[in-house]
Amino acid sequence: MPTAIPKKLIVLGDSGVYGWGDPEEGGWCERLRRHWMGLPGGPVLYPLGVRGDGLERVAARLDREVSCRGELRRQQPHGILLAVGLNDTARVGRADGRPQLDAEGFLFGLQQILDRARLMAPVLMVGLTPVLEEPMPYAEVLWYSLEQVRRYEGLLEEACLEADVPFLPLLDALLEDPCWPQWLSSDGVHLNSEGHRQVYQRVQRWPALLRWAELEPLVRATPLN
């Protein structure tokens with residue numbers, strides 16, 4: 001009998017997808033890749049994070065990143081997970097400076113990338129992670145704030161609702177735990193190993209992603225710790 005072709009998920013994003021800040025296990029996306037690799041019939045996951053990328057740079061590499069990862073002739077990836085937006089929230093030069101991408105441009109860009117991605121494969125999107133404002137500015141020029149992160153995650157949710165794309169909000173779920181400041185690196189922006197673990201746990205149990213991966217029966221049979 002022919003070998004079944006595993007589903008393939010392309011994950012596009014920034015340093016969070018790359019796994020920066022997690023020297024222990026390589027980030028939430030790498031943790032998910034290893035978890036799926038150990039499951040019978042688990043999907044193949046390509047973590048395609050680039051440090052510093054915002055929405056515009058992710059959109060610019062969308063087509064070529066997806067098109068070259070079908071693995072087999074005439075095969076295309078079966079899903080696209082977008083994890084982007086945190087870098088766009090940063091204000092340049094001072095705490096009240098201009099954002100790297102203003103809210104209007106961010107929402108328009110989201111609508112465009114979702115429309116394009118949905119023509120290639122089913123699309124999912126995850127939300128943004130919190131920041132600590134005390135260490136700002138980052139790299140002596142960028143000012144991140146929780147207010148901006150919350151505003152832009154709201155735009156992510158709005159665009160996904162409009163496009164009927166599954167969306168996993170992260171910000172409030174992480175902020176509910178009083179330990180959340182301990183999940184960030186000293187720069188106040190990047191998750192540390194524990195922060196990546198927290199995000200991984202939420203993404204790995206996300207019902208929409210489990211349905212896409214066709215892993216629901218296996219997960220239901222496994223008690224959660």
# chains A, B, ... in the order shown; residues from 1 in each chain; ligands from 1

call {"tool": "select_by_dssp", "arguments": {"residues": "segment 127-199 of chain A", "states": "strand (DSSP E)", "output": "PDB file with N, CA, C and O atoms, in the first residue's frame"}}
result
ATOM      1  N   LEU A 142      13.292  51.310  19.997  1.00  0.00           N
ATOM      2  CA  LEU A 142      11.911  50.852  19.866  1.00  0.00           C
ATOM      3  C   LEU A 142      11.236  50.778  21.234  1.00  0.00           C
ATOM      4  O   LEU A 142      11.780  50.206  22.169  1.00  0.00           O
ATOM      5  N   TRP A 143      10.034  51.323  21.298  1.00  0.00           N
ATOM      6  CA  TRP A 143       9.261  51.346  22.536  1.00  0.00           C
ATOM      7  C   TRP A 143       8.028  50.464  22.375  1.00  0.00           C
ATOM      8  O   TRP A 143       7.131  50.771  21.594  1.00  0.00           O
ATOM      9  N   PHE A 167      -8.734  31.941  15.038  1.00  0.00           N
ATOM     10  CA  PHE A 167      -7.803  32.839  15.727  1.00  0.00           C
ATOM     11  C   PHE A 167      -7.672  32.418  17.184  1.00  0.00           C
ATOM     12  O   PHE A 167      -8.667  32.150  17.854  1.00  0.00           O
ATOM     13  N   LEU A 168      -6.427  32.348  17.658  1.00  0.00           N
ATOM     14  CA  LEU A 168      -6.164  32.009  19.056  1.00  0.00           C
ATOM     15  C   LEU A 168      -5.606  33.238  19.765  1.00  0.00           C
ATOM     16  O   LEU A 168      -4.422  33.566  19.609  1.00  0.00           O
TER      17      LEU A 168
END

call {"tool": "residues_around", "arguments": {"residues": "segment 83-87 of chain A", "least_positions_apart": "2", "cutoff": "8 Å", "atoms": "only C-alpha atoms", "output": "ChimeraX atom specification"}}
result
/A:11-14,16-17,52-55,58,81,89-90,100,125-129,149,152-153

call {"tool": "write_last_selection", "arguments": {"atoms": "all heavy atoms", "output": "compact mmCIF listing (two decimals), in the first residue's frame"}}
result
# COMPACT_ATOMS: atom_id res chain seq x y z
N VAL A 11 4.56 27.63 9.28
CA VAL A 11 4.35 28.64 10.32
C VAL A 11 5.22 29.85 9.99
O VAL A 11 6.45 29.76 9.98
CB VAL A 11 4.70 28.11 11.72
CG1 VAL A 11 4.32 29.14 12.78
CG2 VAL A 11 3.99 26.79 11.99
N LEU A 12 4.59 30.96 9.69
CA LEU A 12 5.28 32.19 9.29
C LEU A 12 5.19 33.21 10.40
O LEU A 12 4.12 33.46 10.96
CB LEU A 12 4.65 32.76 8.03
CG LEU A 12 4.93 32.02 6.71
CD1 LEU A 12 4.01 32.53 5.62
CD2 LEU A 12 6.38 32.20 6.32
N GLY A 13 6.33 33.85 10.70
CA GLY A 13 6.30 34.85 11.75
C GLY A 13 7.66 35.46 12.02
O GLY A 13 8.54 35.48 11.15
N ASP A 14 7.82 35.90 13.26
CA ASP A 14 9.01 36.66 13.65
C ASP A 14 9.88 35.83 14.59
O ASP A 14 9.94 34.61 14.50
CB ASP A 14 8.57 37.98 14.29
CG ASP A 14 7.51 37.78 15.37
OD1 ASP A 14 7.49 36.69 16.01
OD2 ASP A 14 6.70 38.70 15.61
N GLY A 16 9.46 35.06 17.60
CA GLY A 16 8.70 34.12 18.42
C GLY A 16 8.61 32.76 17.75
O GLY A 16 8.76 31.72 18.39
N VAL A 17 8.38 32.75 16.44
CA VAL A 17 8.34 31.51 15.68
C VAL A 17 9.75 30.91 15.58
O VAL A 17 9.93 29.69 15.68
CB VAL A 17 7.75 31.76 14.27
CG1 VAL A 17 7.88 30.51 13.40
CG2 VAL A 17 6.29 32.18 14.37
N GLY A 52 12.78 40.10 13.82
CA GLY A 52 12.52 41.46 13.39
C GLY A 52 11.43 41.62 12.36
O GLY A 52 11.03 42.74 12.05
N ASP A 53 10.94 40.52 11.81
CA ASP A 53 9.92 40.63 10.78
C ASP A 53 8.62 41.21 11.33
O ASP A 53 8.16 40.84 12.43
CB ASP A 53 9.63 39.26 10.16
CG ASP A 53 10.41 39.03 8.88
OD1 ASP A 53 11.35 39.80 8.61
OD2 ASP A 53 10.09 38.07 8.16
N GLY A 54 8.04 42.09 10.56
CA GLY A 54 6.69 42.57 10.79
C GLY A 54 5.77 42.04 9.71
O GLY A 54 6.17 41.21 8.87
N LEU A 55 4.56 42.53 9.69
CA LEU A 55 3.55 42.02 8.75
C LEU A 55 3.99 42.18 7.30
O LEU A 55 3.82 41.27 6.49
CB LEU A 55 2.23 42.75 9.00
CG LEU A 55 1.07 42.33 8.10
CD1 LEU A 55 0.68 40.89 8.36
CD2 LEU A 55 -0.13 43.25 8.31
N VAL A 58 6.67 39.60 6.33
CA VAL A 58 6.09 38.26 6.24
C VAL A 58 5.27 38.13 4.96
O VAL A 58 5.34 37.12 4.25
CB VAL A 58 5.24 37.95 7.48
CG1 VAL A 58 4.38 36.70 7.27
CG2 VAL A 58 6.13 37.77 8.71
N LEU A 81 -0.02 28.73 9.26
CA LEU A 81 -0.25 29.36 10.56
C LEU A 81 0.55 30.65 10.60
O LEU A 81 1.77 30.65 10.42
CB LEU A 81 0.17 28.42 11.69
CG LEU A 81 0.11 28.98 13.11
CD1 LEU A 81 -1.32 29.38 13.48
CD2 LEU A 81 0.64 27.95 14.12
N THR A 89 3.85 46.74 16.46
CA THR A 89 3.29 47.58 17.52
C THR A 89 4.29 48.58 18.06
O THR A 89 3.90 49.57 18.68
CB THR A 89 2.80 46.72 18.70
OG1 THR A 89 3.94 46.20 19.44
CG2 THR A 89 1.96 45.55 18.23
N ALA A 90 5.59 48.34 17.87
CA ALA A 90 6.61 49.17 18.51
C ALA A 90 6.59 50.59 17.96
O ALA A 90 6.44 50.81 16.76
CB ALA A 90 7.99 48.55 18.29
N GLN A 100 5.81 51.31 14.03
CA GLN A 100 6.47 50.81 12.83
C GLN A 100 5.49 50.60 11.69
O GLN A 100 5.83 50.79 10.52
CB GLN A 100 7.22 49.51 13.15
CG GLN A 100 8.36 49.69 14.13
CD GLN A 100 9.48 48.71 13.89
OE1 GLN A 100 10.39 48.97 13.13
NE2 GLN A 100 9.41 47.57 14.56
N MET A 125 -4.38 31.66 12.70
CA MET A 125 -3.55 32.75 13.21
C MET A 125 -3.56 32.75 14.74
O MET A 125 -4.60 32.49 15.36
CB MET A 125 -4.02 34.10 12.69
CG MET A 125 -3.23 35.29 13.22
SD MET A 125 -3.62 36.84 12.37
CE MET A 125 -2.61 36.66 10.90
N VAL A 126 -2.40 33.02 15.33
CA VAL A 126 -2.30 33.16 16.79
C VAL A 126 -2.05 34.62 17.15
O VAL A 126 -1.54 35.41 16.34
CB VAL A 126 -1.19 32.27 17.38
CG1 VAL A 126 -1.47 30.81 17.08
CG2 VAL A 126 0.18 32.66 16.86
N GLY A 127 -2.41 34.97 18.38
CA GLY A 127 -2.30 36.33 18.85
C GLY A 127 -0.91 36.71 19.34
O GLY A 127 0.09 36.04 19.06
N LEU A 128 -0.86 37.80 20.10
CA LEU A 128 0.39 38.41 20.52
C LEU A 128 0.70 38.13 21.98
O LEU A 128 -0.20 37.87 22.78
CB LEU A 128 0.33 39.92 20.29
CG LEU A 128 -0.02 40.36 18.86
CD1 LEU A 128 -0.03 41.88 18.76
CD2 LEU A 128 0.94 39.75 17.84
N THR A 129 1.97 38.20 22.31
CA THR A 129 2.42 37.96 23.68
C THR A 129 2.71 39.28 24.38
O THR A 129 3.00 40.29 23.73
CB THR A 129 3.68 37.07 23.68
OG1 THR A 129 4.67 37.63 22.80
CG2 THR A 129 3.33 35.67 23.17
N VAL A 149 0.12 46.53 22.17
CA VAL A 149 -0.02 45.09 21.90
C VAL A 149 -1.49 44.68 21.95
O VAL A 149 -1.99 43.95 21.09
CB VAL A 149 0.81 44.27 22.90
CG1 VAL A 149 0.54 42.77 22.73
CG2 VAL A 149 2.30 44.55 22.72
N TYR A 152 -3.35 45.96 18.79
CA TYR A 152 -3.04 45.24 17.56
C TYR A 152 -3.54 43.80 17.60
O TYR A 152 -3.91 43.26 16.55
CB TYR A 152 -1.53 45.29 17.28
CG TYR A 152 -1.09 46.59 16.62
CD1 TYR A 152 -1.39 47.82 17.19
CD2 TYR A 152 -0.37 46.58 15.44
CE1 TYR A 152 -0.99 49.01 16.61
CE2 TYR A 152 0.05 47.77 14.85
CZ TYR A 152 -0.27 48.99 15.44
OH TYR A 152 0.13 50.17 14.85
N GLU A 153 -3.58 43.19 18.77
CA GLU A 153 -4.18 41.86 18.83
C GLU A 153 -5.67 41.96 18.52
O GLU A 153 -6.24 41.06 17.88
CB GLU A 153 -3.97 41.19 20.18
CG GLU A 153 -4.38 39.72 20.11
CD GLU A 153 -4.28 38.96 21.42
OE1 GLU A 153 -5.06 39.27 22.34
OE2 GLU A 153 -3.43 38.06 21.50

call {"tool": "atom_distance", "arguments": {"atom1": "atom CA of Ser193 of chain A", "atom2": "atom CA of Leu155 of chain A"}}
result
27.4 Å

call {"tool": "atom_distance", "arguments": {"atom1": "atom CA of Met37 of chain A", "atom2": "atom CA of Trp183 of chain A"}}
result
26.0 Å

call {"tool": "residues_around", "arguments": {"residues": "Arg69 of chain A", "least_positions_apart": "2", "cutoff": "12 Å", "atoms": "only C-alpha atoms", "output": "list of chain:residue names"}}
result
A:Lys7, A:Lys8, A:Leu9, A:Ile10, A:Val11, A:Val44, A:Leu45, A:Tyr46, A:Pro47, A:Leu48, A:Leu62, A:Asp63, A:Arg64, A:Glu65, A:Val66, A:Ser67, A:Glu71, A:Leu72, A:Arg73, A:Arg74, A:Gln75, A:Gln76, A:Pro77, A:His78, A:Gly79, A:Ile80
